[in-house]
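Contents: one structure, followed by commentary.
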Amino acid sequence: MEVGKKYFEELIDEMKADRGVTQDVELTADDLKELASQFKAEYKSKIGEDFPDDPKEQLMGAIKAVFRSWDNPRANVYRRDNDIPYSWGTAVNVQSMAFGNMGDDCGTGVAFTRDPATGEKGLFGEFLTNAQGEDVVAGVRTPMHISEMEQKFPEAFKQFNEVCKTLENHYRDMQDMEFTVEHGKLFMLQTRNGKRTAQAALKIACDLVDEGMRTEQEAVLMIDPRNLDTLLHPQFDAKELKAATPIGKGLGASPGAACGKIVFTADDAEKWNANGEKVVLVRLETSPEDITGMKASQGILTVRGGMTSHAAVVARGMGTCCVSGCSDIVMDEANKQFTLAGKTFKEGDFISIDGSTGNIYDGIIPTVDATIAGEFGRVMAWADKYRKLKVRTNADTPADAKKARELGAEGIGLCRTEHMFFEADRIAAFREMICADTVEEREAALDKIMPYQQGDFEKLYEALEGNPVTIRFLDPPLHEFVPTEEADIEALAKAQNKSVAQIKAIIDSLHEFNPMMGHRGCRLAVTYPEIAKMQTKAVIRAALNVKKAHPDWNIVPEIMIPLVGDVKELKYVKKFVVETADAEIAAAGADLKYEVGTMIEIPRAALTADDIAKEAEFFCFGTNDLTQMTFGFSRDDAGKFLDSYYDAKIYENDPFAKLDQTGVGKLMEMAVKLGKDVRPEMHCGICGEHGGDPTSVEFCHKIGLDYVSCSPFRVPIARLAAAQAAISEGK
Ligand code: PEP
Ligand code: MG
């Protein structure tokens with residue numbers, strides 16, 4: 001009846017204190033009778049009616065309570081975290097009661113057929129004599145190891161072992177069972193496939209194949225791809241986490257766990273880290289200037305931003321834990337402090353964050369390092385054998401590309417070239433380019449940028465050893481790059497021989513009301529063709545150089561034009577890309593094939609994909625922008641109101657994390673079909689953040705994409721999800 005359990009617990013505690021006992025079982029029958037009347041009184045005071053006497057009414061009340069529980073806040077959060085649709089509903093089993101608390105020849109226990117932490121085969125569990133299940137779970141009494149049950153109840157234990165075998169053989173999976181012994185007789189209450197750590201999941205899957213219980217395909221299907229995160233990123237110590245209560249919640253934007261001292265600026269993060277401190281960087285939002293500070297941090301916590309905001313995308317790329325968009329934080333950057341859950345946190349205070357759940361904790365929760373289990377490679381090899389989708393990575397640096405290759409990436413699906421300018425010494429030249437007000441000035445800035453670009457591209461081609469590399473031309477939301485600090489503005493003024501006032505005027509003129517829908521993507525190339533020409537030269541020269549050193553590598557540069565909405569835009573930009581590329585190739589006297597394709601990330605491009613395919617040699621779905629523009633809400637701000645949408649059951653998931661198959665997916669499916677009808681040989685992929693989300697990967701498989709591309713640490717997840725999609729389809 002939704003009367004908090006705590007009120008009844010309090011009554012029990014008061015009674016035990018009054019009687020001078022510590023265990024529930026030490027209360028006498030008279031004590032329990034008195035407690036029952038107190039419970040009834042408590043119920044009446046909260047509900048306003050007597051507790052029903054009629055057992056049928058009690059039973060119906062209990063059944064209804066189970067059905068109602070489908071809708072409690074905990075269930076809503078759990079379903080969202082575990083991809084369970086609200087529409088499924090729940091069920092209730094009614095069974096007669098077996099009593100484990102009728103004396104010392106009774107007891108109850110919970111057991112697994114294999115160790116849920118390691119996967120080791122063998123009974124694992126706990127048992128308590130003269131107790132009910134709740135006593136085992138609540139942890140009031142310390143249960144004994146399941147093996148000790150053998151001495152106390154040899155017959156029941158023998159039978160229990162038989163039942164375990166029967167159940168495991170029947171379900172062909174590790175079982176998690178609850179049972180009761182009533183006067184020496186065994187009653188099985190429940191069995192289910194047991195929850196397990198990622199490491200255990202891999203071991204159990206492999207063992208079941210070796211034991212002849214499962215095929216390789218079935219083993220692949222048994223592993224939850226999202227679970228692999230825990231093998232790749234540090235996690236909180238499970239025991240310590242259990243004892244901790246979150247003080248706030250943001251979006252779990254980049255998985256893993258982090259604890260450290262709070263710092264408020266990227267500079268401090270670097271300095272403190274250099275002094276051996278572990279830090280968590282807390283920012284209103286992050287921007288390119290913060291990148292080195294982000295790298296120096298254990299974790300990143302932001303007040304604003306969604307699943308595809310700068311902090312989230314960059315942190316995911318680096319494999320660093322990030323919780324974004326915790327709008328409950330009241331930030332006071334000037335005084336280097338913030339408040340959350342009524343407490344003020346200052347620089348140097350400890351905080352812990354969980355980038356998988358989005359939970360934030362006060363103080364230190366120790367973390368344990370990621371360890372890739374021995375069976376990981378074996379399961380991944382099976383996944384690769386059965387999947388049809390290729391898996392590429394979103395990588396902007398040779399280091400990220402290398403990491404992704406180690407994790408199984410078969411190419412780069414997206415290199416965001418603007419991300420190559422985050423380092424302090426490079427961002428200056430980039431700003432000069434943005435703030436140039438003549439072609440000459442811009443070309444001078446581009447001359448400075450060109451060597452960086454070419455050098456980076458060469459390193460990417462080298463890291464990929466002849467596997468495909470898609471390089472996307474500049475798509476900087478300009479507001480992310482213009483200087484905001486006075487010192488940076490002064491430096492820029494000096495470099496450009498301008499006054500600070502002039503630079504400030506240029507920055508003001510660049511201000512946009514909707515920068516994410518502003519002067520971005522191919523619009524920059526249309527306004528300033530010299531930028532795309534410089535990038536073309538850098539790509540082609542890099543490819544030619546690396547090809548010369550490795551003639552056996554199949555290097556076919558893929559140049560990707562972003563944010564195209566009309567084929568004429570693409571045609572316009574493609575023309576000077578091709579002219580520049582051909583001139584470079586001819587000047588080198590070389591022979592090099594290259595492709596010019598586009599991102600499909602504006603609904604209009606999807607709707608007119610047949611036209612676009614006449615010019616585009618490949619498509620790659622930018623589902624971050626495509627989601628933003630299909631829904632008509634900002635990828636950076638939606639977090640502010642999405643919670644209300646979940647509460648109202650309008651949405652069950654964040655569409656920036658999990659692809660909206662109904663709407664955005666329909667556009668994608670249509671675009672693939674329209675595109676491939678015109679150009680059957682074209683390859684189509686996805687490089688929005690959804691490329692690493694298992695259900696979205698399954699959808700990409702279904703609509704016939706050739707590859708998914710995701711951040712390096714999500715590559716194994718995508719490989720497994722792709723295999724599951726192919727295997728499930730085959731069934
Ligand atoms: C996208 O929009 O999905 C995409 C990959 O590009 P970006 O996130 O850089 O806008
Ligand atoms: Mg985009």
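Letters for chains follow the order of the structure tokens (A, B, ...), residue numbers begin at 1 for each chain, and ligand numbers begin at 1 in the order shown.
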Determine, counting only C-alpha atoms, which protein, DNA and RNA residues have an atom within 6 Å of an atom of segment 314-316 of chain A; residues of the same chain fewer than 4 positions away are not included. Present the result as a list of chain:residue names.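 Once the nearby chain positions are removed, what remains is A:Ser254, A:His310, A:Thr320.
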For those residues, write N, CA and C atoms to a file as an mmCIF file, in the first residue's frame.
data_model
loop_
_atom_site.group_PDB
_atom_site.id
_atom_site.type_symbol
_atom_site.label_atom_id
_atom_site.label_comp_id
_atom_site.auth_asym_id
_atom_site.auth_seq_id
_atom_site.Cartn_x
_atom_site.Cartn_y
_atom_site.Cartn_z
ATOM 1 N N SER A 254 30.043 8.800 -20.218
ATOM 2 C CA SER A 254 31.189 7.998 -20.656
ATOM 3 C C SER A 254 31.525 7.048 -19.513
ATOM 4 N N HIS A 310 30.046 18.241 -26.079
ATOM 5 C CA HIS A 310 31.495 18.181 -26.249
ATOM 6 C C HIS A 310 32.137 17.271 -25.211
ATOM 7 N N THR A 320 37.632 8.226 -20.861
ATOM 8 C CA THR A 320 37.600 8.781 -19.501
ATOM 9 C C THR A 320 36.164 8.888 -19.009
#
So that I can check the surroundings of Thr470 of chain A, please list as an MDAnalysis selection string every protein, DNA and RNA residue that reaches within 10 Å of it, counting only C-alpha atoms and ignoring chain neighbours fewer than 5 positions away. chainID A and resid 392:395 411:416 556:560 595:597 620
Nearby residues (only C-alpha atoms) at most 7 Å from Thr108 of chain A, same-chain spacing under 3 positions excluded, as a PyMOL selection string: chain A and resi 100+127-129+131-133+179-181
Can you check which residues of segment 289-333 of chain A DSSP gives as alpha helix (DSSP H) on the backbone and send them as a list of chain:residue names?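 The residues of segment 289-333 of chain A classed as alpha helix (DSSP H) are A:Ile291, A:Thr292, A:Gly293, A:Met294, A:Lys295, A:His310, A:Ala311, A:Ala312, A:Val313, A:Val314, A:Ala315, A:Arg316, A:Gly317, A:Met318.
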Export of the given selection (N, CA and C atoms) as a PDB file, in the first residue's frame:
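That gives us part_7.pdb:
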ATOM      1  N   ILE A 291      40.737  20.404 -23.061  1.00  0.00           N
ATOM      2  CA  ILE A 291      41.072  19.035 -23.434  1.00  0.00           C
ATOM      3  C   ILE A 291      42.232  18.436 -22.639  1.00  0.00           C
ATOM      4  N   THR A 292      43.302  19.251 -22.452  1.00  0.00           N
ATOM      5  CA  THR A 292      44.444  18.661 -21.748  1.00  0.00           C
ATOM      6  C   THR A 292      44.091  18.434 -20.281  1.00  0.00           C
ATOM      7  N   GLY A 293      43.275  19.331 -19.737  1.00  0.00           N
ATOM      8  CA  GLY A 293      42.817  19.138 -18.361  1.00  0.00           C
ATOM      9  C   GLY A 293      41.940  17.903 -18.246  1.00  0.00           C
ATOM     10  N   MET A 294      41.132  17.673 -19.279  1.00  0.00           N
ATOM     11  CA  MET A 294      40.277  16.482 -19.262  1.00  0.00           C
ATOM     12  C   MET A 294      41.134  15.221 -19.260  1.00  0.00           C
ATOM     13  N   LYS A 295      42.203  15.284 -20.048  1.00  0.00           N
ATOM     14  CA  LYS A 295      43.101  14.124 -20.120  1.00  0.00           C
ATOM     15  C   LYS A 295      43.767  13.853 -18.778  1.00  0.00           C
ATOM     16  N   HIS A 310      30.046  18.241 -26.079  1.00  0.00           N
ATOM     17  CA  HIS A 310      31.495  18.181 -26.249  1.00  0.00           C
ATOM     18  C   HIS A 310      32.137  17.271 -25.211  1.00  0.00           C
ATOM     19  N   ALA A 311      31.779  17.486 -23.946  1.00  0.00           N
ATOM     20  CA  ALA A 311      32.408  16.706 -22.876  1.00  0.00           C
ATOM     21  C   ALA A 311      32.165  15.220 -23.088  1.00  0.00           C
ATOM     22  N   ALA A 312      30.926  14.872 -23.439  1.00  0.00           N
ATOM     23  CA  ALA A 312      30.572  13.463 -23.570  1.00  0.00           C
ATOM     24  C   ALA A 312      31.331  12.814 -24.726  1.00  0.00           C
ATOM     25  N   VAL A 313      31.328  13.491 -25.860  1.00  0.00           N
ATOM     26  CA  VAL A 313      31.961  12.916 -27.053  1.00  0.00           C
ATOM     27  C   VAL A 313      33.470  12.779 -26.846  1.00  0.00           C
ATOM     28  N   VAL A 314      34.074  13.832 -26.317  1.00  0.00           N
ATOM     29  CA  VAL A 314      35.524  13.819 -26.149  1.00  0.00           C
ATOM     30  C   VAL A 314      35.923  12.816 -25.062  1.00  0.00           C
ATOM     31  N   ALA A 315      35.178  12.804 -23.963  1.00  0.00           N
ATOM     32  CA  ALA A 315      35.513  11.882 -22.873  1.00  0.00           C
ATOM     33  C   ALA A 315      35.383  10.440 -23.345  1.00  0.00           C
ATOM     34  N   ARG A 316      34.352  10.152 -24.087  1.00  0.00           N
ATOM     35  CA  ARG A 316      34.143   8.792 -24.586  1.00  0.00           C
ATOM     36  C   ARG A 316      35.312   8.390 -25.487  1.00  0.00           C
ATOM     37  N   GLY A 317      35.732   9.353 -26.312  1.00  0.00           N
ATOM     38  CA  GLY A 317      36.862   9.097 -27.201  1.00  0.00           C
ATOM     39  C   GLY A 317      38.115   8.750 -26.401  1.00  0.00           C
ATOM     40  N   MET A 318      38.315   9.467 -25.275  1.00  0.00           N
ATOM     41  CA  MET A 318      39.521   9.241 -24.470  1.00  0.00           C
ATOM     42  C   MET A 318      39.368   8.040 -23.551  1.00  0.00           C
TER      43      MET A 318
END
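With only C-alpha atoms and all ligand atoms as the atoms that count, the minimum distance from ligand 2 to the choices A:Asp71, A:Glu601, A:Glu216, A:Glu168 is reached by A:Glu601.
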Distance table requested - chain A against ligand 1, cut-off 7 Å, only C-alpha atoms and all ligand atoms: one row per qualifying residue with the closest atom pair and its distance in Å to one decimal, ordered by chain and rising residue number, as a tab-separated table.
residue	atom	partner	partner_atom_place_in_ligand_line	distance
A:Thr308	CA	ligand 1	8 (O)	6.6
A:Arg416	CA	ligand 1	9 (O)	6.3
A:Asp475	CA	ligand 1	9 (O)	6.8
A:Glu601	CA	ligand 1	2 (O)	5.8
A:Phe621	CA	ligand 1	3 (O)	6.5
A:Gly622	CA	ligand 1	3 (O)	3.0
A:Thr623	CA	ligand 1	3 (O)	3.9
A:Asn624	CA	ligand 1	3 (O)	3.4
A:Asp625	CA	ligand 1	2 (O)	3.8
A:Leu626	CA	ligand 1	2 (O)	6.3
A:Cys687	CA	ligand 1	5 (C)	4.8
A:Gly688	CA	ligand 1	3 (O)	3.4
A:Glu689	CA	ligand 1	3 (O)	6.4
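In terms of minimum interatomic distance to Ala606 of chain A, A:Val672 ranks closest within A:Ala586, A:Met420, A:Ile84, A:Val672, counting only C-alpha atoms.
Close contacts of Thr695 of chain A, defined as residues with an atom at most 9 Å away when counting only C-alpha atoms, with chain neighbours fewer than 2 positions off set aside, comprise Asp83, Lys658, Leu659, His690, Asp693, Val697, Glu698, Phe699, Cys700, Ala721 and Ala725 of chain A.
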Selection export as a tab-separated table (two decimals), in the first residue's frame, atoms kept: all heavy atoms:
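What landed in selection_3.tsv:
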chain	number	residue	atom	x	y	z
A	83	ASP	N	17.26	-1.40	-20.81
A	83	ASP	CA	16.59	-1.56	-22.11
A	83	ASP	C	15.35	-2.43	-22.03
A	83	ASP	O	15.12	-3.30	-22.88
A	83	ASP	CB	17.54	-2.22	-23.12
A	83	ASP	CG	18.49	-1.22	-23.72
A	83	ASP	OD1	18.24	-0.01	-23.53
A	83	ASP	OD2	19.46	-1.62	-24.36
A	658	LYS	N	20.18	6.29	-27.61
A	658	LYS	CA	19.60	5.10	-28.22
A	658	LYS	C	18.80	5.60	-29.42
A	658	LYS	O	17.93	6.45	-29.26
A	658	LYS	CB	18.66	4.47	-27.19
A	658	LYS	CG	18.52	3.01	-27.29
A	658	LYS	CD	18.02	2.54	-25.93
A	658	LYS	CE	16.77	1.77	-26.02
A	658	LYS	NZ	16.89	0.41	-26.37
A	659	LEU	N	19.12	5.09	-30.56
A	659	LEU	CA	18.53	5.59	-31.78
A	659	LEU	C	17.00	5.50	-31.76
A	659	LEU	O	16.45	4.46	-31.40
A	659	LEU	CB	19.07	4.78	-32.95
A	659	LEU	CG	18.72	5.32	-34.33
A	659	LEU	CD1	19.60	6.52	-34.65
A	659	LEU	CD2	18.91	4.25	-35.38
A	690	HIS	N	25.33	6.72	-31.67
A	690	HIS	CA	24.53	5.50	-31.64
A	690	HIS	C	25.29	4.30	-32.19
A	690	HIS	O	24.90	3.16	-31.96
A	690	HIS	CB	23.25	5.70	-32.45
A	690	HIS	CG	22.48	6.91	-32.01
A	690	HIS	ND1	22.68	8.15	-32.57
A	690	HIS	CD2	21.54	7.06	-31.06
A	690	HIS	CE1	21.88	9.02	-31.98
A	690	HIS	NE2	21.18	8.39	-31.06
A	693	ASP	N	25.93	1.78	-29.57
A	693	ASP	CA	24.84	1.36	-28.68
A	693	ASP	C	24.22	0.06	-29.24
A	693	ASP	O	23.79	0.03	-30.40
A	693	ASP	CB	23.78	2.47	-28.62
A	693	ASP	CG	22.51	1.96	-27.96
A	693	ASP	OD1	22.56	1.69	-26.76
A	693	ASP	OD2	21.49	1.81	-28.66
A	697	VAL	N	22.88	-0.61	-32.96
A	697	VAL	CA	23.70	-1.41	-33.88
A	697	VAL	C	22.82	-2.47	-34.55
A	697	VAL	O	22.91	-2.71	-35.76
A	697	VAL	CB	24.88	-2.08	-33.13
A	697	VAL	CG1	25.60	-3.09	-34.01
A	697	VAL	CG2	25.86	-1.02	-32.64
A	698	GLU	N	21.95	-3.08	-33.76
A	698	GLU	CA	21.07	-4.11	-34.32
A	698	GLU	C	20.21	-3.50	-35.44
A	698	GLU	O	20.03	-4.08	-36.52
A	698	GLU	CB	20.17	-4.68	-33.22
A	698	GLU	CG	19.32	-5.82	-33.73
A	698	GLU	CD	18.28	-6.27	-32.71
A	698	GLU	OE1	18.04	-5.56	-31.72
A	698	GLU	OE2	17.71	-7.35	-32.94
A	699	PHE	N	19.72	-2.29	-35.19
A	699	PHE	CA	18.91	-1.62	-36.21
A	699	PHE	C	19.75	-1.34	-37.47
A	699	PHE	O	19.28	-1.55	-38.60
A	699	PHE	CB	18.34	-0.31	-35.63
A	699	PHE	CG	17.51	0.46	-36.61
A	699	PHE	CD1	16.21	0.07	-36.88
A	699	PHE	CD2	18.03	1.55	-37.29
A	699	PHE	CE1	15.44	0.76	-37.80
A	699	PHE	CE2	17.28	2.25	-38.21
A	699	PHE	CZ	15.97	1.85	-38.47
A	700	CYS	N	20.98	-0.91	-37.27
A	700	CYS	CA	21.86	-0.62	-38.43
A	700	CYS	C	22.06	-1.89	-39.26
A	700	CYS	O	22.13	-1.83	-40.49
A	700	CYS	CB	23.20	-0.07	-37.96
A	700	CYS	SG	23.04	1.54	-37.18
A	721	ALA	N	27.56	-6.70	-30.48
A	721	ALA	CA	26.16	-6.38	-30.83
A	721	ALA	C	25.88	-6.71	-32.30
A	721	ALA	O	24.81	-7.21	-32.65
A	721	ALA	CB	25.88	-4.91	-30.55
A	725	ALA	N	23.13	-9.34	-33.69
A	725	ALA	CA	22.10	-8.97	-34.67
A	725	ALA	C	22.06	-10.00	-35.80
A	725	ALA	O	21.00	-10.46	-36.22
A	725	ALA	CB	22.39	-7.58	-35.22
Which residues are close to segment 226-235 of chain A, i.e. within 7 Å by only C-alpha atoms, leaving aside same-chain residues fewer than 2 positions away? Reply as a VMD selection string. chain A and resid 198 224 237 255 to 257 367 to 372 713 717
Dump as an mmCIF file, in the first residue's frame, selection limited to N, CA, C and O atoms:
data_model
loop_
_atom_site.group_PDB
_atom_site.id
_atom_site.type_symbol
_atom_site.label_atom_id
_atom_site.label_comp_id
_atom_site.auth_asym_id
_atom_site.auth_seq_id
_atom_site.Cartn_x
_atom_site.Cartn_y
_atom_site.Cartn_z
ATOM 1 N N ALA A 198 30.873 -9.084 -16.067
ATOM 2 C CA ALA A 198 31.254 -9.325 -17.465
ATOM 3 C C ALA A 198 32.252 -10.469 -17.559
ATOM 4 O O ALA A 198 32.170 -11.323 -18.448
ATOM 5 N N ASP A 224 25.720 -9.734 -22.506
ATOM 6 C CA ASP A 224 25.168 -8.396 -22.688
ATOM 7 C C ASP A 224 26.312 -7.469 -23.113
ATOM 8 O O ASP A 224 27.253 -7.246 -22.343
ATOM 9 N N ASP A 237 34.830 -0.294 -6.367
ATOM 10 C CA ASP A 237 34.866 -1.507 -5.576
ATOM 11 C C ASP A 237 33.426 -1.842 -5.168
ATOM 12 O O ASP A 237 32.732 -1.022 -4.569
ATOM 13 N N PRO A 255 31.504 5.740 -19.772
ATOM 14 C CA PRO A 255 31.494 4.778 -18.675
ATOM 15 C C PRO A 255 32.804 4.686 -17.902
ATOM 16 O O PRO A 255 33.835 5.182 -18.348
ATOM 17 N N GLY A 256 32.712 3.997 -16.770
ATOM 18 C CA GLY A 256 33.843 3.863 -15.872
ATOM 19 C C GLY A 256 33.541 4.605 -14.586
ATOM 20 O O GLY A 256 32.532 5.290 -14.490
ATOM 21 N N ALA A 257 34.417 4.420 -13.605
ATOM 22 C CA ALA A 257 34.208 5.083 -12.326
ATOM 23 C C ALA A 257 35.446 5.900 -12.000
ATOM 24 O O ALA A 257 36.549 5.557 -12.428
ATOM 25 N N THR A 367 38.344 2.701 -6.522
ATOM 26 C CA THR A 367 38.058 2.039 -7.802
ATOM 27 C C THR A 367 39.014 0.857 -7.994
ATOM 28 O O THR A 367 40.080 0.811 -7.398
ATOM 29 N N VAL A 368 38.579 -0.075 -8.813
ATOM 30 C CA VAL A 368 39.486 -1.163 -9.196
ATOM 31 C C VAL A 368 39.733 -1.060 -10.696
ATOM 32 O O VAL A 368 38.832 -0.701 -11.454
ATOM 33 N N ASP A 369 40.959 -1.375 -11.085
ATOM 34 C CA ASP A 369 41.331 -1.208 -12.493
ATOM 35 C C ASP A 369 40.630 -2.217 -13.396
ATOM 36 O O ASP A 369 40.225 -3.283 -12.958
ATOM 37 N N ALA A 370 40.539 -1.844 -14.659
ATOM 38 C CA ALA A 370 39.929 -2.744 -15.642
ATOM 39 C C ALA A 370 40.883 -3.903 -15.921
ATOM 40 O O ALA A 370 42.088 -3.716 -15.973
ATOM 41 N N THR A 371 40.335 -5.089 -16.058
ATOM 42 C CA THR A 371 41.167 -6.226 -16.463
ATOM 43 C C THR A 371 40.431 -6.993 -17.550
ATOM 44 O O THR A 371 39.268 -7.348 -17.382
ATOM 45 N N ILE A 372 41.080 -7.208 -18.652
ATOM 46 C CA ILE A 372 40.462 -7.976 -19.735
ATOM 47 C C ILE A 372 40.686 -9.456 -19.446
ATOM 48 O O ILE A 372 41.823 -9.912 -19.322
ATOM 49 N N PHE A 713 36.649 2.723 -27.236
ATOM 50 C CA PHE A 713 36.317 1.769 -26.180
ATOM 51 C C PHE A 713 34.973 1.083 -26.392
ATOM 52 O O PHE A 713 34.619 0.159 -25.687
ATOM 53 N N ILE A 717 32.012 -3.600 -27.935
ATOM 54 C CA ILE A 717 30.557 -3.652 -27.726
ATOM 55 C C ILE A 717 29.855 -3.748 -29.077
ATOM 56 O O ILE A 717 28.949 -4.556 -29.284
#
List as number ranges by chain the protein and nucleic acid residues near Lys666 of chain A, meaning an atom at most 10 Å away when only C-alpha atoms are counted, but skip any in the same chain fewer than 5 places from it. A: 606, 660-661, 671, 703
May I ask which of the residues A:Ala381, A:Cys435, A:Ala588, A:Leu281 is the closest one to Gln496 of chain A, counting only C-alpha atoms?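 For Gln496 of chain A, the nearest of the candidates is A:Cys435.
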Which of segment 216-350 of chain A fall in strand (DSSP E), as number ranges by chain: A: 235-236, 248-249, 251-254, 257-263, 279-283, 299-302, 321-324, 330-332, 337-340, 343-346, 350
Nearest to Lys593 of chain A by atom-to-atom distance, counting only C-alpha atoms, from A:Val546, A:Ala274, A:Val92, A:Ile540: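 Closest to Lys593 of chain A, using only C-alpha atoms: A:Ile540.
Of the residues listed (A:Gln38, A:Phe656, A:Gln298, A:Ala424), A:Phe656 shows the shortest atom-to-atom separation from Asp637 of chain A; distances use only C-alpha atoms.
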Might you pull out every residue within 10 Å of Cys164 of chain A, with only C-alpha atoms counted and same-chain residues fewer than 6 positions away left off, and present them as a VMD selection string? chain A and resid 111 to 113 123 170 174 to 177 191
Of the candidates A:Glu418, A:Glu333, A:Glu375, A:Asp591, which shows the shortest atom-to-atom distance to ligand 2, using only C-alpha atoms and all ligand atoms?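 Closest to ligand 2, using only C-alpha atoms and all ligand atoms: A:Glu418.
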Which distance in Å separates atom CA of Leu570 of chain A and atom CA of Ala429 of chain A, to one decimal?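 Straight-line distance from atom CA of Leu570 of chain A to atom CA of Ala429 of chain A works out to 26.8 Å.
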I'd like the interatomic distance between atom CA of Pro225 of chain A and atom CA of Arg719 of chain A, to a tenth of an Å. 8.7 Å
